[in-house]
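Have a look at the structure below, then the notes.
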Amino acid sequence: MSKHIFITGGVVSSLGKGLTAASLGMLLERMGLRIRLQKFDPYINVDPGTMSPYQHGEVYVLDDGSETDLDLGHYERFTDAPVTSSCNYTTGQIYLTVINREREGGYLGHTVQVIPHVTDEIKRAILELATPEVDVVITEIGGTVGDIEGLPFLEAIRQLGLEVGRENCLYIHLTLVPFLKAAGEAKTKPTQHSVQKLREIGIQPDILICRTEVPLREEERRKIALFCNVELDAVIEERDKEYTIYEVPLSLARNGLPQLVARKLRLETGPLDLSDWEELVRRAIHPERTVTIAVVGKYVRHQDAYKSLYEALDHAGLAHETRVIVRRVEAEEIEERGPEPLLSAVDGILVPGGFGTRGTEGKMQAIQYAREQKIPFFGICLGMQCAVIEFARNVIGLAGANSTEFDPETRSPVICLMEEQKAVTNLGGTMRLGAYPCELLAGSRAHQCYGRDLVHERHRHRYEFNIAYRELFEKHGMVVTGLSPDGKLVEIVEIPAHPWYVAVQFHPEFKSKPTRPHPLFVGFVAAALAYRDRQEPTEASAVAGGSEA
Ligand code: GLN
């Protein structure tokens with residue numbers, strides 16, 4: 001029988017529940033347990049797919065095509081547990097199921113209510129992961145305790161605790177212990193209040209993980225334990241990390257969390273070996289070199305809009321013992337000031353995915369600059385589409401070339417709507433989504449990076465390279481190096497005459513892990529390092545420290 005861990009958050013949002021859940025999952029997995037991770041998001045959208053990155057951060061895409069919360073990215077980066085559509089539910093999705101069932105007559109004769117019908121559906125979603133192959137299901141409840149939207153989820157996990165038996169589940173509450181400079185001490189009252197809120201609805205947390213800027217003193221931990229009714233050794237400190245999020249599991253392990261969880265749930269575990277992970281963190285803290293990559297996008301001001309992309313760059317850096325300094329460049333600023341002042345000092349230029357016209361001309365200027373100055377260039381999804389348009393206009397000479405997304409009337413639609421998208425009217429969950437195979441051209445840069453002929457990468461787009469133009473592009477030096485096996489969809493283009501110019505229709509960033517950096521990112525960062533060495537051949541690229549991100 002699977003055991004359950006429920007993770008809630010208190011005091012403020014953005015405490016890093018996802019990271020904590022992922023870290024705990026990783027620690028248990030490394031102790032030999034089979035785990036699954038899952039998140040409930042209390043908003044009413046059925047999935048985050050139609051939300052702006054400003055609202056929600058990145059939309060993380062799974063192999064199976066689900067558009068999910070970015071915390072699932074942490075789950076995949078930290079653990080080897082399968083992550084599927086059953087791992088992310090929103091209020092909207094739960095209600096949609098209940099309401100559809102009601103329309104089908106599934107509740108004939110009954111009044112459909114939050115308790116028990118909505119809570120039953122939430123419990124069903126949790127128990128779906130509790131299969132015989134799974135030792136521990138970790139369920140993260142999004143939002144903050146005290147939110148109206150979160151109540152049905154908290155009620156459902158309260159009920160489930162009784163049903164599976166209190167000894168088979170653990171409630172972990174992540175909370176903030178702010179340090180007040182004026183008082184010179186850490187304040188425990190917000191934590192007391194948020195635990196009170198939990199207890200009002202019948203949940204007594206077993207473990208408190210305390211986010212804090214400063215080390216917690218013994219007396220503060222005692223106070224928290226006393227007022228929140230938890231054992232002293234169940235008050236776990238989680239201090240802010242200075243260098244990398246990958247320190248989180250190490251510090252949780254040092255503070256005894258995995259051992260405590262194993263003891264409380266009476267799990268049989270093996271020894272915990274974190275030496276490879278310690279080595280990763282050592283590389284992150286003490287890199288040998290640095291390299292600067294410009295990310296030219298339109299959501300660069302949002303911390304999490306390109307989350308997986310920044311992580312993938314970090315992973316590739318770790319592979320080269322290099323700190324990747326990301327310079328976030330607003331595409332519209334390039335439109336105003338030109339590429340030179342913003343891009344002349346970088347070692348690589350990356351244009352990520354996106355939607356809509358705003359900023360696309362700036363992205364194209366950045367790509368033209370990378371192409372002409374022979375700066376390593378990596379285009380992803382919309383970044384690839386902009387690269388194709390830029391090449392059509394400035395190399396082939398198709399002056400009005402465009403994507404029909406930006407100009408439906410363009411005379412040279414080098415990027416156009418995919419055939420299967422033409423009949424689509426609903427916008428939710430209807431893009432080309434999830435993993436698809438891609439065949440690589442032997443001898444291409446992509447093929448060299450991957451070292452194989454066939455790869456599977458994740459997609460999220462409606463538009464594609466218009467294959468009618470393929471010959472014209474190849475004649476002018478932009479070559480198709482990745483194709484869907486039916487030969488219809490262009491997945492990768494390259495300029496072989498450029499030192500490193502690779503643009504892909506898919507999102508490689510979703511498959512990068514610190515322990516398994518993505519080959520294209522590794523290749524890109526290697527090219528940026530080589531470019532940097534060519535620029536300043538005498539000066540060893542010394543560590544400058546600090547990140548502009
Ligand atoms: N807007 C483009 C499309 O729909 C690119 C999407 C993306 O970058 N994810 O095809």
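In the structure tokens, each chain is lettered A, B, ... as it comes, each chain's residues begin at 1, and ligands are numbered from 1 in order of appearance.
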
Next on the checklist: For the alpha helix (DSSP H) assignment from backbone DSSP, which residues of range 306-448 of chain A qualify? Please present them as a VMD selection string.
Outcome noted: chain A and resid 307 to 319 331 to 337 340 to 343 360 to 373 382 to 391 445 to 448

Expected selection as a PDB file with N, CA and C atoms, in the first residue's frame for ligand 1 within 7 Å, only C-alpha atoms and all ligand atoms:
```pdb
ATOM      1  N   PRO A 352      13.914  32.480 -27.540  1.00  0.00           N
ATOM      2  CA  PRO A 352      13.008  31.410 -27.099  1.00  0.00           C
ATOM      3  C   PRO A 352      11.638  31.477 -27.768  1.00  0.00           C
ATOM      4  N   GLY A 353      10.734  30.638 -27.289  1.00  0.00           N
ATOM      5  CA  GLY A 353       9.385  30.555 -27.834  1.00  0.00           C
ATOM      6  C   GLY A 353       8.522  31.727 -27.415  1.00  0.00           C
ATOM      7  N   GLY A 354       7.368  31.836 -28.034  1.00  0.00           N
ATOM      8  CA  GLY A 354       6.446  32.907 -27.689  1.00  0.00           C
ATOM      9  C   GLY A 354       5.269  32.949 -28.639  1.00  0.00           C
ATOM     10  N   PHE A 355       4.394  33.899 -28.378  1.00  0.00           N
ATOM     11  CA  PHE A 355       3.161  34.016 -29.180  1.00  0.00           C
ATOM     12  C   PHE A 355       2.912  35.482 -29.491  1.00  0.00           C
ATOM     13  N   GLY A 356       2.343  35.743 -30.656  1.00  0.00           N
ATOM     14  CA  GLY A 356       1.940  37.104 -30.997  1.00  0.00           C
ATOM     15  C   GLY A 356       3.080  37.931 -31.571  1.00  0.00           C
ATOM     16  N   ILE A 380      14.480  28.724 -30.591  1.00  0.00           N
ATOM     17  CA  ILE A 380      13.561  27.711 -30.078  1.00  0.00           C
ATOM     18  C   ILE A 380      12.130  28.119 -30.397  1.00  0.00           C
ATOM     19  N   CYS A 381      11.425  27.259 -31.097  1.00  0.00           N
ATOM     20  CA  CYS A 381      10.010  27.440 -31.426  1.00  0.00           C
ATOM     21  C   CYS A 381       9.778  28.773 -32.142  1.00  0.00           C
ATOM     22  N   LEU A 382       9.185  29.775 -31.475  1.00  0.00           N
ATOM     23  CA  LEU A 382       9.023  31.054 -32.165  1.00  0.00           C
ATOM     24  C   LEU A 382      10.392  31.593 -32.593  1.00  0.00           C
ATOM     25  N   GLY A 383      11.420  31.299 -31.812  1.00  0.00           N
ATOM     26  CA  GLY A 383      12.776  31.724 -32.162  1.00  0.00           C
ATOM     27  C   GLY A 383      13.230  31.126 -33.485  1.00  0.00           C
ATOM     28  N   ARG A 460       4.967  22.622 -28.710  1.00  0.00           N
ATOM     29  CA  ARG A 460       3.803  23.417 -28.297  1.00  0.00           C
ATOM     30  C   ARG A 460       3.657  24.569 -29.299  1.00  0.00           C
ATOM     31  N   HIS A 461       3.037  24.282 -30.409  1.00  0.00           N
ATOM     32  CA  HIS A 461       2.922  25.317 -31.444  1.00  0.00           C
ATOM     33  C   HIS A 461       1.767  25.003 -32.401  1.00  0.00           C
ATOM     34  N   ARG A 462       1.367  26.035 -33.159  1.00  0.00           N
ATOM     35  CA  ARG A 462       0.350  25.856 -34.203  1.00  0.00           C
ATOM     36  C   ARG A 462       0.932  26.079 -35.594  1.00  0.00           C
ATOM     37  N   TYR A 463       2.018  26.863 -35.651  1.00  0.00           N
ATOM     38  CA  TYR A 463       2.583  27.228 -36.955  1.00  0.00           C
ATOM     39  C   TYR A 463       3.843  26.407 -37.209  1.00  0.00           C
ATOM     40  N   GLU A 464       4.243  26.355 -38.479  1.00  0.00           N
ATOM     41  CA  GLU A 464       5.408  25.553 -38.828  1.00  0.00           C
ATOM     42  C   GLU A 464       6.085  26.139 -40.063  1.00  0.00           C
TER      43      GLU A 464
END
```

Item to check | Residue with smallest distance to Gly297 in chain A - pool A:Pro341, A:Gly362, A:Gly428, A:Gly317, counting only C-alpha atoms | outcome: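 Closest residue, counting only C-alpha atoms: A:Gly362.
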
Item to check | Nearby residues (only C-alpha atoms) at most 9 Å from range 123-134 of chain A, same-chain spacing under 6 positions excluded, as a PyMOL selection string | outcome: chain A and resi 1-4+33-38+86-87+89+94+153+156-157+159-160

Checklist entry - How would you write, as a list in words, the set of residues in range 114-165 of chain A that DSSP gives as strand (DSSP E or B)? => result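 Of range 114-165 of chain A, the ones in strand (DSSP E or B) are Val136, Val137, Ile138, Thr139, Glu140 and Ile141 of chain A.
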
Using N, CA, C and O atoms, can you write the selected residues to a file as a PDB file, in the first residue's frame?
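Output below, filename out_9.pdb:
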```
ATOM      1  N   VAL A 136       5.470   5.895  -2.283  1.00  0.00           N
ATOM      2  CA  VAL A 136       5.035   7.155  -1.687  1.00  0.00           C
ATOM      3  C   VAL A 136       4.487   8.086  -2.772  1.00  0.00           C
ATOM      4  O   VAL A 136       5.145   8.321  -3.785  1.00  0.00           O
ATOM      5  N   VAL A 137       3.283   8.608  -2.544  1.00  0.00           N
ATOM      6  CA  VAL A 137       2.724   9.641  -3.417  1.00  0.00           C
ATOM      7  C   VAL A 137       2.882  10.979  -2.690  1.00  0.00           C
ATOM      8  O   VAL A 137       2.430  11.126  -1.556  1.00  0.00           O
ATOM      9  N   ILE A 138       3.556  11.923  -3.354  1.00  0.00           N
ATOM     10  CA  ILE A 138       3.730  13.253  -2.770  1.00  0.00           C
ATOM     11  C   ILE A 138       2.777  14.205  -3.489  1.00  0.00           C
ATOM     12  O   ILE A 138       2.861  14.384  -4.700  1.00  0.00           O
ATOM     13  N   THR A 139       1.851  14.786  -2.750  1.00  0.00           N
ATOM     14  CA  THR A 139       0.848  15.664  -3.343  1.00  0.00           C
ATOM     15  C   THR A 139       1.043  17.077  -2.818  1.00  0.00           C
ATOM     16  O   THR A 139       0.972  17.316  -1.612  1.00  0.00           O
ATOM     17  N   GLU A 140       1.279  17.979  -3.747  1.00  0.00           N
ATOM     18  CA  GLU A 140       1.490  19.385  -3.387  1.00  0.00           C
ATOM     19  C   GLU A 140       0.201  20.152  -3.643  1.00  0.00           C
ATOM     20  O   GLU A 140      -0.381  20.047  -4.721  1.00  0.00           O
ATOM     21  N   ILE A 141      -0.257  20.896  -2.637  1.00  0.00           N
ATOM     22  CA  ILE A 141      -1.457  21.717  -2.819  1.00  0.00           C
ATOM     23  C   ILE A 141      -0.991  23.141  -3.113  1.00  0.00           C
ATOM     24  O   ILE A 141      -0.382  23.790  -2.257  1.00  0.00           O
TER      25      ILE A 141
END
```

Checklist entry - From the list A:Glu237, A:Glu67, A:Glu155, A:Glu321, which residue is nearest His286 in chain A when using only C-alpha atoms? => result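 Of all the options, A:Glu321 lies closest to His286 in chain A.
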
Item to check | Thr97 in chain A surroundings by only C-alpha atoms, 9 Å radius, close-in-sequence under 5 positions cut, as a PyMOL selection string | outcome: chain A and resi 92+102+121

Checklist entry - Skipping near chain neighbours, those fewer than 4 positions away, what residues fall within 10 Å of Lys241 in chain A using only C-alpha atoms, listed as a PyMOL selection string? => result chain A and resi 212-213+245-248+251

Checklist entry - Can you tell me, as JSON, numbers by chain, what residues are no more than 9 Å from Asn88 in chain A when counting only C-alpha atoms, ignoring any on the same chain fewer than 6 positions away? => result {"A": [38, 39, 40, 41, 47, 66, 68, 69, 72]}

Written file, previous selection with C-alpha atoms, as a PDB file, in the first residue's frame:
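Output contents, as saved in again-v2.pdb:
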```pdb
ATOM      1  CA  GLN A  38       1.555  15.514  -8.104  1.00  0.00           C
ATOM      2  CA  LYS A  39       0.290  19.073  -7.870  1.00  0.00           C
ATOM      3  CA  PHE A  40      -3.160  20.583  -7.431  1.00  0.00           C
ATOM      4  CA  ASP A  41      -3.645  24.153  -8.610  1.00  0.00           C
ATOM      5  CA  ASP A  47      -4.881  24.054 -17.432  1.00  0.00           C
ATOM      6  CA  SER A  66      -0.318  17.984 -21.058  1.00  0.00           C
ATOM      7  CA  THR A  68       1.071  21.948 -16.799  1.00  0.00           C
ATOM      8  CA  ASP A  69       2.353  24.053 -13.946  1.00  0.00           C
ATOM      9  CA  LEU A  72       6.234  19.748 -12.747  1.00  0.00           C
TER      10      LEU A  72
END
```

Next on the checklist: So, with only C-alpha atoms as the atoms that count, which of A:Gly10, A:Val98, A:Glu474, A:Ala284 lies closest to His193 in chain A?
Outcome noted: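 Between A:Gly10, A:Val98, A:Glu474, A:Ala284, the residue approaching His193 in chain A most closely is A:Gly10.
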
Item to check | Selection near range 454-459 of chain A, 6 Å with only C-alpha atoms, sequence-local residues under 2 positions removed, as a PyMOL selection string | outcome: chain A and resi 433-439+452+506-507

Please produce an output containing C-alpha atoms for each residue in the selection, written as a JSON list (two decimals), in the first residue's frame.
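Wrote selection06.json, looks like this:
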```json
[["chain", "number", "residue", "atom", "x", "y", "z"],
["A", 433, "LEU", "CA", 1.52, 19.29, -28.00],
["A", 434, "GLY", "CA", 3.89, 16.77, -26.48],
["A", 435, "ALA", "CA", 6.65, 14.51, -27.70],
["A", 436, "TYR", "CA", 7.03, 13.65, -31.37],
["A", 437, "PRO", "CA", 9.85, 11.87, -33.19],
["A", 438, "CYS", "CA", 12.34, 13.79, -35.29],
["A", 439, "GLU", "CA", 14.86, 12.31, -37.73],
["A", 452, "ARG", "CA", 21.91, 9.64, -32.83],
["A", 506, "PHE", "CA", 10.41, 21.97, -30.43],
["A", 507, "HIS", "CA", 11.27, 22.85, -26.82]]
```

Next on the checklist: Please report the interatomic distance between CA of Asn426 in chain A and CA of Ile467 in chain A in Å with one decimal.
Outcome noted: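 Those two atoms sit 25.9 Å apart.
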
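In terms of minimum interatomic distance to Leu257 in chain A, A:Gly25 ranks closest within A:Pro517, A:Gly165, A:Gly477, A:Gly25, counting only C-alpha atoms.
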